[in-house]
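Visitor: Sharing my_file.cif here; it has mmCIF, C-alpha atoms and all ligand atoms.
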```cif
data_input
#
loop_
_atom_site.group_PDB
_atom_site.id
_atom_site.type_symbol
_atom_site.label_atom_id
_atom_site.label_comp_id
_atom_site.auth_asym_id
_atom_site.auth_seq_id
_atom_site.Cartn_x
_atom_site.Cartn_y
_atom_site.Cartn_z
ATOM 1 C CA MET R 1 -12.005 -34.938 26.121
ATOM 2 C CA SER R 2 -11.814 -34.599 29.871
ATOM 3 C CA LEU R 3 -12.334 -31.203 31.515
ATOM 4 C CA GLU R 4 -9.993 -29.437 33.920
ATOM 5 C CA PHE R 5 -11.010 -28.968 37.556
ATOM 6 C CA ASN R 6 -10.363 -25.408 38.677
ATOM 7 C CA GLY R 7 -11.242 -26.059 42.298
ATOM 8 C CA ARG R 8 -14.852 -24.908 42.123
ATOM 9 C CA ARG R 9 -18.082 -26.740 41.385
ATOM 10 C CA LEU R 10 -20.133 -25.305 38.502
ATOM 11 C CA THR R 11 -23.277 -23.429 39.505
ATOM 12 C CA ALA R 12 -26.688 -22.903 37.948
ATOM 13 C CA ASN R 13 -25.500 -19.501 36.830
ATOM 14 C CA ASP R 14 -22.498 -21.049 35.001
ATOM 15 C CA ILE R 15 -25.033 -23.073 33.017
ATOM 16 C CA ARG R 16 -27.421 -20.140 32.448
ATOM 17 C CA VAL R 17 -24.711 -17.976 30.852
ATOM 18 C CA ARG R 18 -23.920 -20.718 28.313
ATOM 19 C CA LYS R 19 -27.083 -19.834 26.306
ATOM 20 C CA GLY R 20 -26.209 -19.887 22.602
ATOM 21 C CA GLY R 21 -22.594 -20.905 23.307
ATOM 22 C CA GLU R 22 -20.688 -24.187 23.190
ATOM 23 C CA PRO R 23 -23.167 -27.061 23.728
ATOM 24 C CA ILE R 24 -23.849 -27.948 27.367
ATOM 25 C CA VAL R 25 -23.226 -31.645 28.080
ATOM 26 C CA ALA R 26 -25.202 -33.530 30.708
ATOM 27 C CA LEU R 27 -25.856 -37.112 31.802
ATOM 28 C CA THR R 28 -27.808 -38.720 34.601
ATOM 29 C CA SER R 29 -26.144 -40.559 37.459
ATOM 30 C CA TYR R 30 -27.460 -42.109 40.642
ATOM 31 C CA HIS R 31 -24.244 -43.526 42.138
ATOM 32 C CA ALA R 32 -20.983 -42.183 43.567
ATOM 33 C CA HIS R 33 -18.740 -44.196 41.222
ATOM 34 C CA THR R 34 -20.464 -43.396 37.920
ATOM 35 C CA ALA R 35 -20.709 -39.768 39.091
ATOM 36 C CA ALA R 36 -16.922 -39.701 39.600
ATOM 37 C CA ILE R 37 -16.348 -40.870 36.018
ATOM 38 C CA ILE R 38 -18.808 -38.581 34.283
ATOM 39 C CA ASP R 39 -17.833 -35.605 36.469
ATOM 40 C CA ARG R 40 -14.609 -35.337 34.437
ATOM 41 C CA HIS R 41 -16.588 -34.812 31.232
ATOM 42 C CA VAL R 42 -19.964 -33.180 31.726
ATOM 43 C CA ASP R 43 -21.209 -29.735 32.743
ATOM 44 C CA PHE R 44 -24.041 -30.978 34.930
ATOM 45 C CA ILE R 45 -25.155 -34.297 36.371
ATOM 46 C CA LEU R 46 -28.857 -34.926 36.787
ATOM 47 C CA VAL R 47 -29.962 -37.232 39.579
ATOM 48 C CA GLY R 48 -33.146 -37.989 37.684
ATOM 49 C CA ASP R 49 -36.226 -39.704 39.031
ATOM 50 C CA THR R 50 -35.628 -42.182 36.186
ATOM 51 C CA LEU R 51 -33.693 -43.939 38.940
ATOM 52 C CA GLY R 52 -37.027 -45.566 39.784
ATOM 53 C CA MET R 53 -37.093 -47.258 36.383
ATOM 54 C CA VAL R 54 -33.345 -47.732 35.847
ATOM 55 C CA MET R 55 -32.274 -48.855 39.342
ATOM 56 C CA HIS R 56 -35.485 -50.266 40.769
ATOM 57 C CA GLY R 57 -37.163 -51.743 37.690
ATOM 58 C CA LEU R 58 -40.346 -49.698 38.166
ATOM 59 C CA GLU R 59 -42.602 -49.136 35.154
ATOM 60 C CA THR R 60 -42.903 -45.381 35.739
ATOM 61 C CA THR R 61 -41.242 -42.716 37.876
ATOM 62 C CA LEU R 62 -44.400 -42.130 39.919
ATOM 63 C CA PRO R 63 -43.536 -44.270 42.976
ATOM 64 C CA VAL R 64 -40.175 -42.527 43.479
ATOM 65 C CA THR R 65 -39.983 -40.735 46.849
ATOM 66 C CA LEU R 66 -38.119 -37.699 48.126
ATOM 67 C CA ASP R 67 -36.047 -39.968 50.393
ATOM 68 C CA MET R 68 -34.917 -42.039 47.378
ATOM 69 C CA MET R 69 -33.863 -38.855 45.572
ATOM 70 C CA ILE R 70 -31.982 -37.578 48.619
ATOM 71 C CA LEU R 71 -30.132 -40.864 49.156
ATOM 72 C CA GLN R 72 -28.907 -41.061 45.544
ATOM 73 C CA GLY R 73 -28.334 -37.292 45.327
ATOM 74 C CA LEU R 74 -25.974 -37.539 48.280
ATOM 75 C CA ALA R 75 -24.089 -40.413 46.613
ATOM 76 C CA VAL R 76 -23.630 -38.348 43.444
ATOM 77 C CA ILE R 77 -22.422 -35.318 45.389
ATOM 78 C CA ARG R 78 -19.946 -37.583 47.221
ATOM 79 C CA GLY R 79 -18.614 -38.967 43.943
ATOM 80 C CA SER R 80 -18.330 -35.686 42.028
ATOM 81 C CA LYS R 81 -16.539 -32.416 42.604
ATOM 82 C CA ARG R 82 -16.750 -30.354 39.419
ATOM 83 C CA ALA R 83 -20.131 -30.655 37.680
ATOM 84 C CA LEU R 84 -23.290 -28.926 38.859
ATOM 85 C CA VAL R 85 -25.539 -31.574 40.427
ATOM 86 C CA VAL R 86 -29.273 -31.147 39.771
ATOM 87 C CA VAL R 87 -31.725 -33.361 41.682
ATOM 88 C CA ASP R 88 -35.258 -34.106 40.438
ATOM 89 C CA LEU R 89 -38.216 -33.341 42.665
ATOM 90 C CA PRO R 90 -40.289 -36.542 42.476
ATOM 91 C CA PHE R 91 -44.014 -36.854 41.749
ATOM 92 C CA GLY R 92 -46.155 -35.713 44.669
ATOM 93 C CA SER R 93 -43.449 -33.665 46.365
ATOM 94 C CA TYR R 94 -44.103 -30.268 44.763
ATOM 95 C CA GLU R 95 -47.309 -29.995 42.682
ATOM 96 C CA GLU R 96 -49.733 -29.188 45.503
ATOM 97 C CA SER R 97 -48.475 -25.669 46.229
ATOM 98 C CA PRO R 98 -45.417 -23.438 45.940
ATOM 99 C CA ALA R 99 -44.921 -23.827 49.692
ATOM 100 C CA ALA R 100 -44.923 -27.637 49.418
ATOM 101 C CA ALA R 101 -42.404 -27.352 46.579
ATOM 102 C CA PHE R 102 -40.182 -25.094 48.680
ATOM 103 C CA HIS R 103 -40.330 -27.529 51.596
ATOM 104 C CA SER R 104 -39.225 -30.427 49.331
ATOM 105 C CA ALA R 105 -36.581 -28.409 47.481
ATOM 106 C CA ALA R 106 -35.102 -27.109 50.739
ATOM 107 C CA ARG R 107 -34.847 -30.677 52.090
ATOM 108 C CA VAL R 108 -33.135 -31.850 48.901
ATOM 109 C CA MET R 109 -30.661 -28.967 48.920
ATOM 110 C CA LYS R 110 -29.869 -29.157 52.661
ATOM 111 C CA GLU R 111 -29.581 -32.945 52.800
ATOM 112 C CA THR R 112 -27.614 -33.509 49.566
ATOM 113 C CA GLY R 113 -25.695 -30.278 48.979
ATOM 114 C CA CYS R 114 -26.852 -30.188 45.332
ATOM 115 C CA GLY R 115 -26.837 -26.906 43.416
ATOM 116 C CA ALA R 116 -30.307 -26.992 41.835
ATOM 117 C CA VAL R 117 -33.549 -28.934 41.536
ATOM 118 C CA LYS R 118 -35.568 -29.905 38.471
ATOM 119 C CA LEU R 119 -39.338 -30.110 38.263
ATOM 120 C CA GLU R 120 -41.755 -31.049 35.496
ATOM 121 C CA GLY R 121 -44.426 -28.820 33.984
ATOM 122 C CA GLY R 122 -44.688 -25.534 32.094
ATOM 123 C CA THR R 123 -47.396 -22.910 32.489
ATOM 124 C CA ARG R 124 -49.008 -24.773 35.400
ATOM 125 C CA MET R 125 -45.731 -24.728 37.374
ATOM 126 C CA ALA R 126 -44.673 -21.143 36.594
ATOM 127 C CA GLU R 127 -45.882 -19.729 39.911
ATOM 128 C CA THR R 128 -43.959 -22.443 41.781
ATOM 129 C CA ILE R 129 -40.777 -21.857 39.776
ATOM 130 C CA ARG R 130 -40.975 -18.135 40.605
ATOM 131 C CA PHE R 131 -41.648 -18.879 44.299
ATOM 132 C CA LEU R 132 -38.610 -21.155 44.504
ATOM 133 C CA THR R 133 -36.159 -18.984 42.577
ATOM 134 C CA GLU R 134 -37.136 -15.915 44.625
ATOM 135 C CA ARG R 135 -36.248 -17.929 47.744
ATOM 136 C CA GLY R 136 -32.791 -19.096 46.670
ATOM 137 C CA VAL R 137 -33.588 -22.368 44.892
ATOM 138 C CA PRO R 138 -32.185 -22.597 41.351
ATOM 139 C CA VAL R 139 -34.772 -24.412 39.231
ATOM 140 C CA MET R 140 -34.385 -26.331 35.997
ATOM 141 C CA GLY R 141 -37.690 -26.732 34.132
ATOM 142 C CA HIS R 142 -38.792 -29.804 32.184
ATOM 143 C CA ILE R 143 -41.343 -29.556 29.356
ATOM 144 C CA GLY R 144 -42.548 -31.611 26.375
ATOM 145 C CA LEU R 145 -42.852 -35.223 27.479
ATOM 146 C CA THR R 146 -43.139 -35.012 31.254
ATOM 147 C CA PRO R 147 -42.958 -38.642 32.457
ATOM 148 C CA GLN R 148 -44.581 -37.904 35.827
ATOM 149 C CA SER R 149 -47.778 -37.095 33.851
ATOM 150 C CA VAL R 150 -47.696 -40.392 31.941
ATOM 151 C CA ASN R 151 -51.198 -41.295 33.158
ATOM 152 C CA THR R 152 -52.793 -38.097 31.879
ATOM 153 C CA ILE R 153 -50.886 -37.791 28.611
ATOM 154 C CA GLY R 154 -51.620 -41.390 27.635
ATOM 155 C CA GLY R 155 -48.147 -42.943 27.647
ATOM 156 C CA PHE R 156 -44.520 -42.122 26.890
ATOM 157 C CA ARG R 157 -45.315 -40.406 23.572
ATOM 158 C CA VAL R 158 -43.660 -37.830 21.354
ATOM 159 C CA GLN R 159 -45.211 -34.427 22.081
ATOM 160 C CA GLY R 160 -46.098 -31.526 19.766
ATOM 161 C CA ARG R 161 -47.232 -33.437 16.709
ATOM 162 C CA ASP R 162 -50.017 -30.944 15.839
ATOM 163 C CA GLU R 163 -50.251 -27.169 15.860
ATOM 164 C CA ALA R 164 -52.344 -26.881 19.029
ATOM 165 C CA ALA R 165 -49.918 -29.074 20.973
ATOM 166 C CA GLN R 166 -46.972 -27.084 19.620
ATOM 167 C CA ALA R 167 -48.539 -23.799 20.721
ATOM 168 C CA ALA R 168 -49.099 -25.208 24.226
ATOM 169 C CA ILE R 169 -45.485 -26.405 24.509
ATOM 170 C CA LYS R 170 -44.199 -23.032 23.298
ATOM 171 C CA ALA R 171 -46.318 -21.318 25.951
ATOM 172 C CA ASP R 172 -44.847 -23.732 28.538
ATOM 173 C CA ALA R 173 -41.303 -22.848 27.468
ATOM 174 C CA LYS R 174 -42.006 -19.130 27.687
ATOM 175 C CA ALA R 175 -43.650 -19.490 31.116
ATOM 176 C CA VAL R 176 -40.738 -21.522 32.527
ATOM 177 C CA ALA R 177 -38.137 -19.051 31.234
ATOM 178 C CA GLU R 178 -40.067 -15.988 32.442
ATOM 179 C CA ALA R 179 -40.632 -17.527 35.876
ATOM 180 C CA GLY R 180 -36.876 -17.551 36.482
ATOM 181 C CA ALA R 181 -35.687 -21.084 35.680
ATOM 182 C CA PHE R 182 -31.967 -21.146 34.793
ATOM 183 C CA ALA R 183 -32.404 -23.810 32.070
ATOM 184 C CA MET R 184 -35.049 -26.235 30.840
ATOM 185 C CA VAL R 185 -35.092 -29.825 29.638
ATOM 186 C CA ILE R 186 -37.176 -30.371 26.489
ATOM 187 C CA GLU R 187 -38.046 -34.049 26.184
ATOM 188 C CA ALA R 188 -39.373 -35.990 23.175
ATOM 189 C CA VAL R 189 -40.864 -33.250 21.020
ATOM 190 C CA VAL R 190 -40.871 -32.910 17.251
ATOM 191 C CA GLU R 191 -37.589 -31.446 16.042
ATOM 192 C CA PRO R 192 -38.581 -28.059 14.562
ATOM 193 C CA LEU R 193 -40.416 -27.186 17.778
ATOM 194 C CA ALA R 194 -37.372 -27.585 20.041
ATOM 195 C CA LYS R 195 -35.367 -25.539 17.547
ATOM 196 C CA GLU R 196 -37.948 -22.722 17.579
ATOM 197 C CA ILE R 197 -38.158 -22.716 21.377
ATOM 198 C CA THR R 198 -34.366 -22.578 21.630
ATOM 199 C CA ALA R 199 -34.332 -19.528 19.384
ATOM 200 C CA GLU R 200 -37.100 -17.834 21.378
ATOM 201 C CA VAL R 201 -36.246 -18.323 25.069
ATOM 202 C CA ALA R 202 -33.449 -16.541 26.920
ATOM 203 C CA ILE R 203 -32.302 -19.582 28.946
ATOM 204 C CA PRO R 204 -30.475 -22.731 27.765
ATOM 205 C CA THR R 205 -32.596 -25.586 26.435
ATOM 206 C CA ILE R 206 -31.325 -29.098 27.168
ATOM 207 C CA GLY R 207 -32.645 -31.588 24.645
ATOM 208 C CA ILE R 208 -33.461 -35.259 25.119
ATOM 209 C CA GLY R 209 -35.144 -36.545 22.003
ATOM 210 C CA ALA R 210 -35.595 -32.926 20.937
ATOM 211 C CA SER R 211 -33.157 -31.252 18.507
ATOM 212 C CA PRO R 212 -29.441 -30.795 17.824
ATOM 213 C CA ALA R 213 -30.253 -27.065 17.870
ATOM 214 C CA CYS R 214 -30.827 -27.163 21.652
ATOM 215 C CA ASP R 215 -28.221 -25.412 23.795
ATOM 216 C CA GLY R 216 -27.254 -28.748 25.350
ATOM 217 C CA GLN R 217 -28.069 -32.458 25.418
ATOM 218 C CA ILE R 218 -28.779 -34.976 28.147
ATOM 219 C CA LEU R 219 -29.186 -38.768 28.123
ATOM 220 C CA VAL R 220 -29.814 -41.359 30.795
ATOM 221 C CA LEU R 221 -26.382 -42.931 31.409
ATOM 222 C CA GLU R 222 -27.584 -46.541 31.518
ATOM 223 C CA ASP R 223 -29.494 -46.019 28.235
ATOM 224 C CA MET R 224 -26.458 -44.780 26.315
ATOM 225 C CA LEU R 225 -24.193 -47.440 27.852
ATOM 226 C CA GLY R 226 -26.420 -50.319 26.735
ATOM 227 C CA LEU R 227 -27.473 -51.348 30.224
ATOM 228 C CA SER R 228 -31.195 -50.563 29.995
ATOM 229 C CA PRO R 229 -33.403 -53.304 28.510
ATOM 230 C CA ASN R 230 -35.644 -50.892 26.557
ATOM 231 C CA VAL R 231 -34.457 -47.573 25.197
ATOM 232 C CA PRO R 232 -36.352 -44.877 23.302
ATOM 233 C CA LYS R 233 -35.518 -44.168 19.637
ATOM 234 C CA PHE R 234 -33.769 -40.914 20.563
ATOM 235 C CA VAL R 235 -30.981 -42.708 22.453
ATOM 236 C CA LYS R 236 -27.696 -43.254 20.618
ATOM 237 C CA SER R 237 -25.760 -46.253 21.899
ATOM 238 C CA TYR R 238 -22.227 -45.537 23.132
ATOM 239 C CA GLY R 239 -21.563 -48.918 24.717
ATOM 240 C CA SER R 240 -22.837 -52.420 25.371
ATOM 241 C CA LEU R 241 -22.341 -52.863 29.098
ATOM 242 C CA ALA R 242 -25.077 -55.506 29.435
ATOM 243 C CA ASP R 243 -23.120 -57.766 27.027
ATOM 244 C CA HIS R 244 -19.864 -57.150 28.935
ATOM 245 C CA ILE R 245 -21.516 -57.956 32.262
ATOM 246 C CA GLU R 246 -23.069 -61.131 30.815
ATOM 247 C CA GLU R 247 -19.681 -62.256 29.459
ATOM 248 C CA ALA R 248 -17.874 -61.485 32.732
ATOM 249 C CA VAL R 249 -20.488 -63.230 34.860
ATOM 250 C CA SER R 250 -20.451 -66.259 32.604
ATOM 251 C CA SER R 251 -16.595 -66.492 32.833
ATOM 252 C CA TYR R 252 -16.744 -66.147 36.625
ATOM 253 C CA THR R 253 -19.398 -68.858 36.871
ATOM 254 C CA ARG R 254 -17.311 -71.174 34.705
ATOM 255 C CA ASP R 255 -14.179 -70.509 36.801
ATOM 256 C CA VAL R 256 -15.932 -71.142 40.118
ATOM 257 C CA ARG R 257 -17.488 -74.369 38.873
ATOM 258 C CA SER R 258 -14.140 -75.637 37.508
ATOM 259 C CA ARG R 259 -12.254 -74.397 40.636
ATOM 260 C CA ALA R 260 -10.096 -72.133 38.443
ATOM 261 C CA PHE R 261 -11.146 -69.286 40.750
ATOM 262 C CA PRO R 262 -9.893 -68.357 43.286
ATOM 263 C CA GLY R 263 -6.361 -68.948 41.974
ATOM 264 C CA GLU R 264 -2.935 -68.510 43.588
ATOM 265 C CA ALA R 265 -3.146 -64.726 43.212
ATOM 266 C CA ASN R 266 -6.475 -64.487 44.997
ATOM 267 C CA VAL R 267 -5.751 -66.256 48.283
ATOM 268 C CA TYR R 268 -3.871 -65.184 51.423
ATOM 269 C CA LYS R 269 -0.754 -67.072 52.512
ATOM 270 C CA PRO R 270 0.312 -67.551 56.132
ATOM 271 C CA LYS R 271 3.473 -65.559 57.142
ATOM 272 C CA SER R 272 5.700 -68.614 57.766
HETATM 273 O O1 LIG A 1 -35.356 -38.294 35.305
HETATM 274 C C1 LIG A 1 -34.583 -38.152 34.348
HETATM 275 O O2 LIG A 1 -33.619 -38.903 34.175
HETATM 276 C C2 LIG A 1 -34.845 -37.049 33.429
HETATM 277 C C3 LIG A 1 -34.101 -37.062 32.136
HETATM 278 C C4 LIG A 1 -34.749 -38.039 31.231
HETATM 279 C C5 LIG A 1 -34.005 -35.707 31.551
HETATM 280 O O3 LIG A 1 -35.643 -36.204 33.711
#
```
Any chance you could give the structure as structure tokens?
Ligand code: KIV
Guide:
Amino acid sequence: MSLEFNGRRLTANDIRVRKGGEPIVALTSYHAHTAAIIDRHVDFILVGDTLGMVMHGLETTLPVTLDMMILQGLAVIRGSKRALVVVDLPFGSYEESPAAAFHSAARVMKETGCGAVKLEGGTRMAETIRFLTERGVPVMGHIGLTPQSVNTIGGFRVQGRDEAAQAAIKADAKAVAEAGAFAMVIEAVVEPLAKEITAEVAIPTIGIGASPACDGQILVLEDMLGLSPNVPKFVKSYGSLADHIEEAVSSYTRDVRSRAFPGEANVYKPKS
């Protein structure tokens, strides 16, 4: 189903008021052309710092810079017109202080034209979320598995397996919601936990490896299209682009080597 464009881009508030309603649909994008396609279908597009892993082949998102986020955020804004565009604040650009976070968020918003930023962390980031939202920056939270903390949490692991961890994640969810975030991503937590959080907080929860009970779902586009070499268990495959690319490239190679390409249709003729 493709959505109608009513001449206005969705805002953070349009997402916030969808709490408990029809599921919110989101995907990541880092390019103008994929953004143009998914814009017709989703409610928000996340320019995630996963671009470091997906586009640049990095092992983690830690080396991603603010300039990388701004460059790809701008491309996504250029390609889309309807969906809210949310841009991730990368590791090192916001944790030091609320003022540092505001400086980074303001750059991202001014230089891309996006409608919101996302940052990772619960209780420890509550003061920053409040500081930003009070100064005109719509913030999406991100709790559970927070990939920027991969070195302190000991890997890309499911979170909330025991009671103590569940209590901490619940406290994170409450802190993010009370600090003024308009929505929060819950990544890779045990299913009943995401369901409980969704029932308890007043803002939409966006699940990724979390629960069908969340108010919305997000996936990394390249993961669901079959373009990423390694995908987590929570990804459902909706395509096999890597196979299609392999097939196309192999046909092209064959055609060039046999001189079947370029053919009559692919060359320019003189006027006379
Ligand atoms: O960076 C990203 O793509 C994300 C999603 C996995 C939610 O944060």
Visitor: Using the chain letters and residue numbers of this document, give as a VMD selection string the residues selected by the PyMOL selection byres (((chain R and resi 179-187) around 7) and not hetatm).
Guide: chain R and resid 12 to 13 16 126 to 127 129 to 130 133 138 to 145 175 to 178 188 to 189 203 to 210
Visitor: Could you tell me how far CA of Cys214 (chain R) lies from atom O1 of ligand LIG 1 (chain A), in Å and to one decimal?
Guide: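 Distance between the two atoms: 18.2 Å.
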Visitor: Which residues would end up in the selection if the PyMOL selection byres (((chain R and resi 39) around 12) and not hetatm) were applied here, given that I need the answer as a VMD selection string?
Guide: chain R and resid 1 to 5 9 to 10 25 to 29 31 to 38 40 to 46 76 to 85
Visitor: How about saving the chosen residues, C-alpha atoms kept, as a short mmCIF file (atom, residue, chain, number, x, y, z; two decimals), in the coordinates of the input?
Guide:
```cif
data_model
loop_
_atom_site.label_atom_id
_atom_site.label_comp_id
_atom_site.auth_asym_id
_atom_site.auth_seq_id
_atom_site.Cartn_x
_atom_site.Cartn_y
_atom_site.Cartn_z
CA MET R 1 -12.00 -34.94 26.12
CA SER R 2 -11.81 -34.60 29.87
CA LEU R 3 -12.33 -31.20 31.52
CA GLU R 4 -9.99 -29.44 33.92
CA PHE R 5 -11.01 -28.97 37.56
CA ARG R 9 -18.08 -26.74 41.38
CA LEU R 10 -20.13 -25.30 38.50
CA VAL R 25 -23.23 -31.64 28.08
CA ALA R 26 -25.20 -33.53 30.71
CA LEU R 27 -25.86 -37.11 31.80
CA THR R 28 -27.81 -38.72 34.60
CA SER R 29 -26.14 -40.56 37.46
CA HIS R 31 -24.24 -43.53 42.14
CA ALA R 32 -20.98 -42.18 43.57
CA HIS R 33 -18.74 -44.20 41.22
CA THR R 34 -20.46 -43.40 37.92
CA ALA R 35 -20.71 -39.77 39.09
CA ALA R 36 -16.92 -39.70 39.60
CA ILE R 37 -16.35 -40.87 36.02
CA ILE R 38 -18.81 -38.58 34.28
CA ARG R 40 -14.61 -35.34 34.44
CA HIS R 41 -16.59 -34.81 31.23
CA VAL R 42 -19.96 -33.18 31.73
CA ASP R 43 -21.21 -29.74 32.74
CA PHE R 44 -24.04 -30.98 34.93
CA ILE R 45 -25.16 -34.30 36.37
CA LEU R 46 -28.86 -34.93 36.79
CA VAL R 76 -23.63 -38.35 43.44
CA ILE R 77 -22.42 -35.32 45.39
CA ARG R 78 -19.95 -37.58 47.22
CA GLY R 79 -18.61 -38.97 43.94
CA SER R 80 -18.33 -35.69 42.03
CA LYS R 81 -16.54 -32.42 42.60
CA ARG R 82 -16.75 -30.35 39.42
CA ALA R 83 -20.13 -30.66 37.68
CA LEU R 84 -23.29 -28.93 38.86
CA VAL R 85 -25.54 -31.57 40.43
#
```
Visitor: Residues contacting ligand LIG 1 (chain A) - anything with an atom at most 6 Å away, using only C-alpha atoms and all ligand atoms - can you give me those as an NGL selection string?
Guide: :R and (28 or 48-50 or 220)
Visitor: Would you mind exporting C-alpha atoms of the selected residues as a JSON list (two decimals), in the coordinates of the input?
Guide:
```
[["chain", "number", "residue", "atom", "x", "y", "z"],
["R", 28, "THR", "CA", -27.81, -38.72, 34.60],
["R", 48, "GLY", "CA", -33.15, -37.99, 37.68],
["R", 49, "ASP", "CA", -36.23, -39.70, 39.03],
["R", 50, "THR", "CA", -35.63, -42.18, 36.19],
["R", 220, "VAL", "CA", -29.81, -41.36, 30.80]]
```
Visitor: Would you mind listing what lies within 8 Å of region 221-230 of chain R as a ChimeraX atom specification, with all atoms listed in the file counted and same-chain residues fewer than 2 positions away left out?
Guide: /R:27-29,54,219,232,235-242
Visitor: With only C-alpha atoms as the counted atoms, please give the residues lying no more than 10 Å from Met68 (chain R), apart from itself and same-chain residues fewer than 4 positions off, as a list in words.
Guide: Asp49, Leu51, Gly52, Pro63, Val64, Gln72, Gly73 and Pro90 of chain R
Visitor: May I have the residues within 8 Å of region 148-159 of chain R as a ChimeraX atom specification, using only C-alpha atoms and disregarding those fewer than 2 positions away in the same chain?
Guide: /R:60-62,91,120,144-146,161,165-166,188-190
Visitor: Provide the CA of Ser211 (chain R) to CA of Gly121 (chain R) distance in Å, to one decimal place.
Guide: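 Straight-line distance from CA of Ser211 (chain R) to CA of Gly121 (chain R) works out to 19.3 Å.
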Visitor: Just so the selection is clear, what residues does the PyMOL selection byres (((chain R and resi 101) around 12) and not hetatm) cover here, as a PDB file with C-alpha atoms, in the frame of the given file?
Guide:
```pdb
ATOM      1  CA  LEU R  66     -38.119 -37.699  48.126  1.00  0.00           C
ATOM      2  CA  ASP R  88     -35.258 -34.106  40.438  1.00  0.00           C
ATOM      3  CA  LEU R  89     -38.216 -33.341  42.665  1.00  0.00           C
ATOM      4  CA  PRO R  90     -40.289 -36.542  42.476  1.00  0.00           C
ATOM      5  CA  PHE R  91     -44.014 -36.854  41.749  1.00  0.00           C
ATOM      6  CA  GLY R  92     -46.155 -35.713  44.669  1.00  0.00           C
ATOM      7  CA  SER R  93     -43.449 -33.665  46.365  1.00  0.00           C
ATOM      8  CA  TYR R  94     -44.103 -30.268  44.763  1.00  0.00           C
ATOM      9  CA  GLU R  95     -47.309 -29.995  42.682  1.00  0.00           C
ATOM     10  CA  GLU R  96     -49.733 -29.188  45.503  1.00  0.00           C
ATOM     11  CA  SER R  97     -48.475 -25.669  46.229  1.00  0.00           C
ATOM     12  CA  PRO R  98     -45.417 -23.438  45.940  1.00  0.00           C
ATOM     13  CA  ALA R  99     -44.921 -23.827  49.692  1.00  0.00           C
ATOM     14  CA  ALA R 100     -44.923 -27.637  49.418  1.00  0.00           C
ATOM     15  CA  PHE R 102     -40.182 -25.094  48.680  1.00  0.00           C
ATOM     16  CA  HIS R 103     -40.330 -27.529  51.596  1.00  0.00           C
ATOM     17  CA  SER R 104     -39.225 -30.427  49.331  1.00  0.00           C
ATOM     18  CA  ALA R 105     -36.581 -28.409  47.481  1.00  0.00           C
ATOM     19  CA  ALA R 106     -35.102 -27.109  50.739  1.00  0.00           C
ATOM     20  CA  ARG R 107     -34.847 -30.677  52.090  1.00  0.00           C
ATOM     21  CA  VAL R 108     -33.135 -31.850  48.901  1.00  0.00           C
ATOM     22  CA  VAL R 117     -33.549 -28.934  41.536  1.00  0.00           C
ATOM     23  CA  LYS R 118     -35.568 -29.905  38.471  1.00  0.00           C
ATOM     24  CA  LEU R 119     -39.338 -30.110  38.263  1.00  0.00           C
ATOM     25  CA  GLU R 120     -41.755 -31.049  35.496  1.00  0.00           C
ATOM     26  CA  MET R 125     -45.731 -24.728  37.374  1.00  0.00           C
ATOM     27  CA  ALA R 126     -44.673 -21.143  36.594  1.00  0.00           C
ATOM     28  CA  GLU R 127     -45.882 -19.729  39.911  1.00  0.00           C
ATOM     29  CA  THR R 128     -43.959 -22.443  41.781  1.00  0.00           C
ATOM     30  CA  ILE R 129     -40.777 -21.857  39.776  1.00  0.00           C
ATOM     31  CA  ARG R 130     -40.975 -18.135  40.605  1.00  0.00           C
ATOM     32  CA  PHE R 131     -41.648 -18.879  44.299  1.00  0.00           C
ATOM     33  CA  LEU R 132     -38.610 -21.155  44.504  1.00  0.00           C
ATOM     34  CA  THR R 133     -36.159 -18.984  42.577  1.00  0.00           C
ATOM     35  CA  ARG R 135     -36.248 -17.929  47.744  1.00  0.00           C
ATOM     36  CA  VAL R 137     -33.588 -22.368  44.892  1.00  0.00           C
ATOM     37  CA  VAL R 139     -34.772 -24.412  39.231  1.00  0.00           C
TER      38      VAL R 139
END
```
Visitor: Counting all atoms listed in the file, figure out which residue out of R:Gly113, R:Pro270, R:Gly216, R:Gly263 gets nearest to Arg18 (chain R).
Guide: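 Closest residue, counting all atoms listed in the file: R:Gly216.
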Visitor: Around the point (-35.8, -25.7, 14.1) in the file's coordinates, collect all residues with an atom within 10 Å, using all atoms listed in the file, and return them as JSON, numbers by chain.
Guide: {"R": [190, 191, 192, 193, 194, 195, 196, 197, 198, 199, 210, 211, 212, 213, 214]}
Visitor: Just give me the gap between CA of Ala202 (chain R) and CA of Gly160 (chain R) in Å, one decimal is fine.
Guide: 20.9 Å
Visitor: (-23.6, -27.8, 25.8) in this file's frame - what residues fall within 7 Å of it? Use all atoms listed in the file and give the answer as a VMD selection string.
Guide: chain R and resid 22 to 25 215 to 217
